[in-house]
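The next block is query_29.pdb, given as PDB, C-alpha atoms, pLDDT in the B column.
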ATOM      1  CA  MET A   1     139.610 152.196 182.718  1.00 92.00           C
ATOM      2  CA  VAL A   2     136.471 150.916 181.057  1.00 96.00           C
ATOM      3  CA  THR A   3     133.119 151.461 182.761  1.00 97.00           C
ATOM      4  CA  ILE A   4     130.304 148.955 182.354  1.00 98.00           C
ATOM      5  CA  GLN A   5     126.885 150.006 183.615  1.00 98.00           C
ATOM      6  CA  VAL A   6     124.065 147.488 183.922  1.00 98.00           C
ATOM      7  CA  CYS A   7     120.550 148.812 184.360  1.00 96.00           C
ATOM      8  CA  VAL A   8     118.950 147.543 187.558  1.00 96.00           C
ATOM      9  CA  GLY A   9     115.665 149.385 187.147  1.00 95.00           C
ATOM     10  CA  SER A  10     112.488 147.374 187.722  1.00 93.00           C
ATOM     11  CA  SER A  11     112.083 146.071 184.173  1.00 93.00           C
ATOM     12  CA  CYS A  12     115.749 145.151 183.683  1.00 94.00           C
ATOM     13  CA  PHE A  13     115.922 143.623 187.147  1.00 95.00           C
ATOM     14  CA  LEU A  14     112.963 141.362 186.395  1.00 95.00           C
ATOM     15  CA  ARG A  15     114.436 140.446 182.996  1.00 96.00           C
ATOM     16  CA  GLY A  16     117.686 139.144 184.499  1.00 96.00           C
ATOM     17  CA  ALA A  17     119.996 142.054 185.350  1.00 97.00           C
ATOM     18  CA  PRO A  18     121.318 140.308 188.493  1.00 98.00           C
ATOM     19  CA  ASP A  19     122.500 137.330 186.412  1.00 98.00           C
ATOM     20  CA  VAL A  20     124.088 139.635 183.825  1.00 98.00           C
ATOM     21  CA  ILE A  21     125.940 141.422 186.628  1.00 98.00           C
ATOM     22  CA  LYS A  22     127.186 138.116 188.082  1.00 98.00           C
ATOM     23  CA  LYS A  23     128.499 137.048 184.676  1.00 98.00           C
ATOM     24  CA  PHE A  24     130.271 140.392 184.156  1.00 98.00           C
ATOM     25  CA  GLU A  25     131.815 140.105 187.635  1.00 98.00           C
ATOM     26  CA  ALA A  26     133.212 136.674 186.790  1.00 98.00           C
ATOM     27  CA  VAL A  27     134.586 137.715 183.397  1.00 98.00           C
ATOM     28  CA  ILE A  28     136.121 140.912 184.785  1.00 98.00           C
ATOM     29  CA  GLU A  29     137.778 139.056 187.646  1.00 97.00           C
ATOM     30  CA  LYS A  30     139.246 136.486 185.278  1.00 96.00           C
ATOM     31  CA  TYR A  31     140.392 138.710 182.404  1.00 94.00           C
ATOM     32  CA  ALA A  32     140.712 142.317 183.565  1.00 95.00           C
ATOM     33  CA  PRO A  33     140.764 142.734 187.353  1.00 93.00           C
ATOM     34  CA  ARG A  34     141.119 146.366 188.444  1.00 94.00           C
ATOM     35  CA  GLN A  35     140.845 147.529 184.831  1.00 96.00           C
ATOM     36  CA  VAL A  36     137.058 147.599 184.518  1.00 97.00           C
ATOM     37  CA  GLU A  37     134.550 149.369 186.733  1.00 97.00           C
ATOM     38  CA  LEU A  38     131.168 147.633 186.978  1.00 98.00           C
ATOM     39  CA  LYS A  39     128.237 149.747 188.125  1.00 97.00           C
ATOM     40  CA  GLY A  40     124.510 149.385 188.513  1.00 96.00           C
ATOM     41  CA  THR A  41     122.429 152.165 187.064  1.00 95.00           C
ATOM     42  CA  PHE A  42     118.763 152.996 186.999  1.00 91.00           C
ATOM     43  CA  CYS A  43     116.478 153.344 184.019  1.00 88.00           C
ATOM     44  CA  GLN A  44     118.168 153.890 180.669  1.00 86.00           C
ATOM     45  CA  GLU A  45     114.734 154.516 179.107  1.00 87.00           C
ATOM     46  CA  LEU A  46     114.937 151.349 177.004  1.00 86.00           C
ATOM     47  CA  CYS A  47     112.671 149.291 179.250  1.00 82.00           C
ATOM     48  CA  GLY A  48     110.964 147.345 176.480  1.00 87.00           C
ATOM     49  CA  ASN A  49     114.261 146.011 175.173  1.00 89.00           C
ATOM     50  CA  GLY A  50     115.409 143.714 177.968  1.00 91.00           C
ATOM     51  CA  VAL A  51     118.493 144.233 180.121  1.00 96.00           C
ATOM     52  CA  THR A  52     120.378 147.343 179.043  1.00 96.00           C
ATOM     53  CA  VAL A  53     124.166 147.566 179.344  1.00 97.00           C
ATOM     54  CA  ARG A  54     126.326 150.607 178.660  1.00 97.00           C
ATOM     55  CA  ILE A  55     130.027 150.023 177.981  1.00 97.00           C
ATOM     56  CA  ASN A  56     131.600 153.458 178.180  1.00 96.00           C
ATOM     57  CA  GLU A  57     129.320 155.301 175.731  1.00 94.00           C
ATOM     58  CA  LYS A  58     127.987 152.330 173.735  1.00 96.00           C
ATOM     59  CA  VAL A  59     124.538 150.987 174.625  1.00 96.00           C
ATOM     60  CA  PHE A  60     123.469 147.354 174.234  1.00 97.00           C
ATOM     61  CA  THR A  61     119.961 146.044 174.804  1.00 96.00           C
ATOM     62  CA  SER A  62     118.424 142.625 175.395  1.00 97.00           C
ATOM     63  CA  VAL A  63     121.647 141.450 177.058  1.00 97.00           C
ATOM     64  CA  ALA A  64     121.496 137.960 178.566  1.00 97.00           C
ATOM     65  CA  PRO A  65     124.180 136.302 180.709  1.00 98.00           C
ATOM     66  CA  GLU A  66     125.305 134.187 177.757  1.00 98.00           C
ATOM     67  CA  ASP A  67     126.005 137.402 175.785  1.00 98.00           C
ATOM     68  CA  VAL A  68     128.498 138.720 178.335  1.00 98.00           C
ATOM     69  CA  PRO A  69     131.667 136.855 177.200  1.00 98.00           C
ATOM     70  CA  ARG A  70     131.130 137.961 173.585  1.00 97.00           C
ATOM     71  CA  LEU A  71     130.420 141.567 174.597  1.00 97.00           C
ATOM     72  CA  PHE A  72     133.489 141.587 176.810  1.00 97.00           C
ATOM     73  CA  GLU A  73     135.716 140.158 174.099  1.00 96.00           C
ATOM     74  CA  GLU A  74     134.359 142.339 171.280  1.00 96.00           C
ATOM     75  CA  GLN A  75     133.846 145.603 173.170  1.00 97.00           C
ATOM     76  CA  VAL A  76     135.859 145.762 176.392  1.00 97.00           C
ATOM     77  CA  ILE A  77     139.116 144.039 175.463  1.00 95.00           C
ATOM     78  CA  PRO A  78     139.742 146.365 172.485  1.00 94.00           C
ATOM     79  CA  MET A  79     139.172 149.357 174.773  1.00 94.00           C
ATOM     80  CA  LEU A  80     141.747 148.034 177.238  1.00 92.00           C
ATOM     81  CA  TYR A  81     144.360 146.942 174.727  1.00 86.00           C
ATOM     82  CA  CYS A  82     145.194 148.707 171.490  1.00 67.00           C
ATOM     83  CA  HIS A  83     145.995 145.426 169.717  1.00 50.00           C
ATOM     84  CA  ASP A  84     144.147 142.217 168.963  1.00 48.00           C
ATOM     85  CA  ASP A  85     146.044 139.285 170.371  1.00 50.00           C
ATOM     86  CA  GLY A  86     143.405 136.837 169.240  1.00 50.00           C
ATOM     87  CA  ALA A  87     142.479 135.847 172.789  1.00 53.00           C
ATOM     88  CA  ASP A  88     139.256 133.877 172.966  1.00 53.00           C
ATOM     89  CA  ILE A  89     137.373 134.262 176.242  1.00 58.00           C
ATOM     90  CA  GLY A  90     134.178 132.444 175.236  1.00 57.00           C
ATOM     91  CA  GLY A  91     131.673 131.004 177.736  1.00 52.00           C
TER      92      GLY A  91
END

Give the structure from the file, written as structure tokens.
Amino acid sequence: MVTIQVCVGSSCFLRGAPDVIKKFEAVIEKYAPRQVELKGTFCQELCGNGVTVRINEKVFTSVAPEDVPRLFEEQVIPMLYCHDDGADIGG
């Protein structure tokens, strides 16, 4: 199971965290239902860097909704599957 945490603290919320969450929900439902846990979290202490997302232990900042498919493909899919099947899940 992969855990994705999206900061929903005040700064991240105002910078678009709800839209990032919606995009992750859609991608998870389409490509990895019941294999990824999506959580909201409070301040990650990176407030000046836009929406902060933690995928397991890796931290990503300035995440926008359009970044979600690439993050999912490059970070989450390899964590779920030990091989690269070349699947393209772009926007």

- Message: Between A:Gly40, A:Arg70, A:Pro65, A:Val76, which residue has the minimum interatomic distance to Gly16 of chain A, considering only C-alpha atoms?
- Response: A:Pro65

Starting from the shown file, work through the PyMOL selection byres ((chain A and resi 49) around 9) and note down what comes out as a CSV table (one decimal) with C-alpha atoms, keeping the file's coordinate frame.
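Saved as out_28.csv:
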chain,number,residue,atom,x,y,z
A,12,CYS,CA,115.7,145.2,183.7
A,46,LEU,CA,114.9,151.3,177.0
A,47,CYS,CA,112.7,149.3,179.2
A,48,GLY,CA,111.0,147.3,176.5
A,50,GLY,CA,115.4,143.7,178.0
A,51,VAL,CA,118.5,144.2,180.1
A,52,THR,CA,120.4,147.3,179.0
A,61,THR,CA,120.0,146.0,174.8
A,62,SER,CA,118.4,142.6,175.4
A,63,VAL,CA,121.6,141.4,177.1

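Within the file as shown, the PyMOL selection byres ((chain A and resi 6) around 10) identifies A:Thr3, A:Ile4, A:Gln5, A:Cys7, A:Val8, A:Gly9, A:Cys12, A:Phe13, A:Ala17, A:Pro18, A:Val20, A:Ile21, A:Phe24, A:Leu38, A:Lys39, A:Gly40, A:Thr41, A:Phe42, A:Cys43, A:Gln44, A:Val51, A:Thr52, A:Val53, A:Arg54, A:Ile55, A:Val59, A:Phe60, A:Val63.
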
- Nearest to Met1 of chain A: which of A:Asp67, A:Ile77, A:Glu45, A:Glu29 is it, counting all atoms listed in the file? A:Ile77

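Across the structure, atom CA of Tyr31 of chain A and atom CA of Ser11 of chain A are spaced 29.3 Å apart.
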
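You will find atom CA of Met79 of chain A at 11.4 Å from atom CA of Ala32 of chain A.
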
- atom CA of Leu80 of chain A to atom CA of Val27 of chain A: how many Å, to one decimal? 14.0 Å

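Closest approach to Val2 of chain A from the set A:Glu66, A:Asn56, A:Tyr81, A:Lys22 is made by A:Asn56, with distances taken over all atoms listed in the file.
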
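Between Leu71 of chain A and the residues A:Glu37, A:Lys58, A:Arg15, A:Ser10, the shortest atom-to-atom distance, using all atoms listed in the file, involves A:Lys58.
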
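The nearest approach to Pro69 of chain A among the residues A:Ala26, A:Leu14, A:Glu57, A:Asp19, with only C-alpha atoms taken into account, belongs to A:Ala26.
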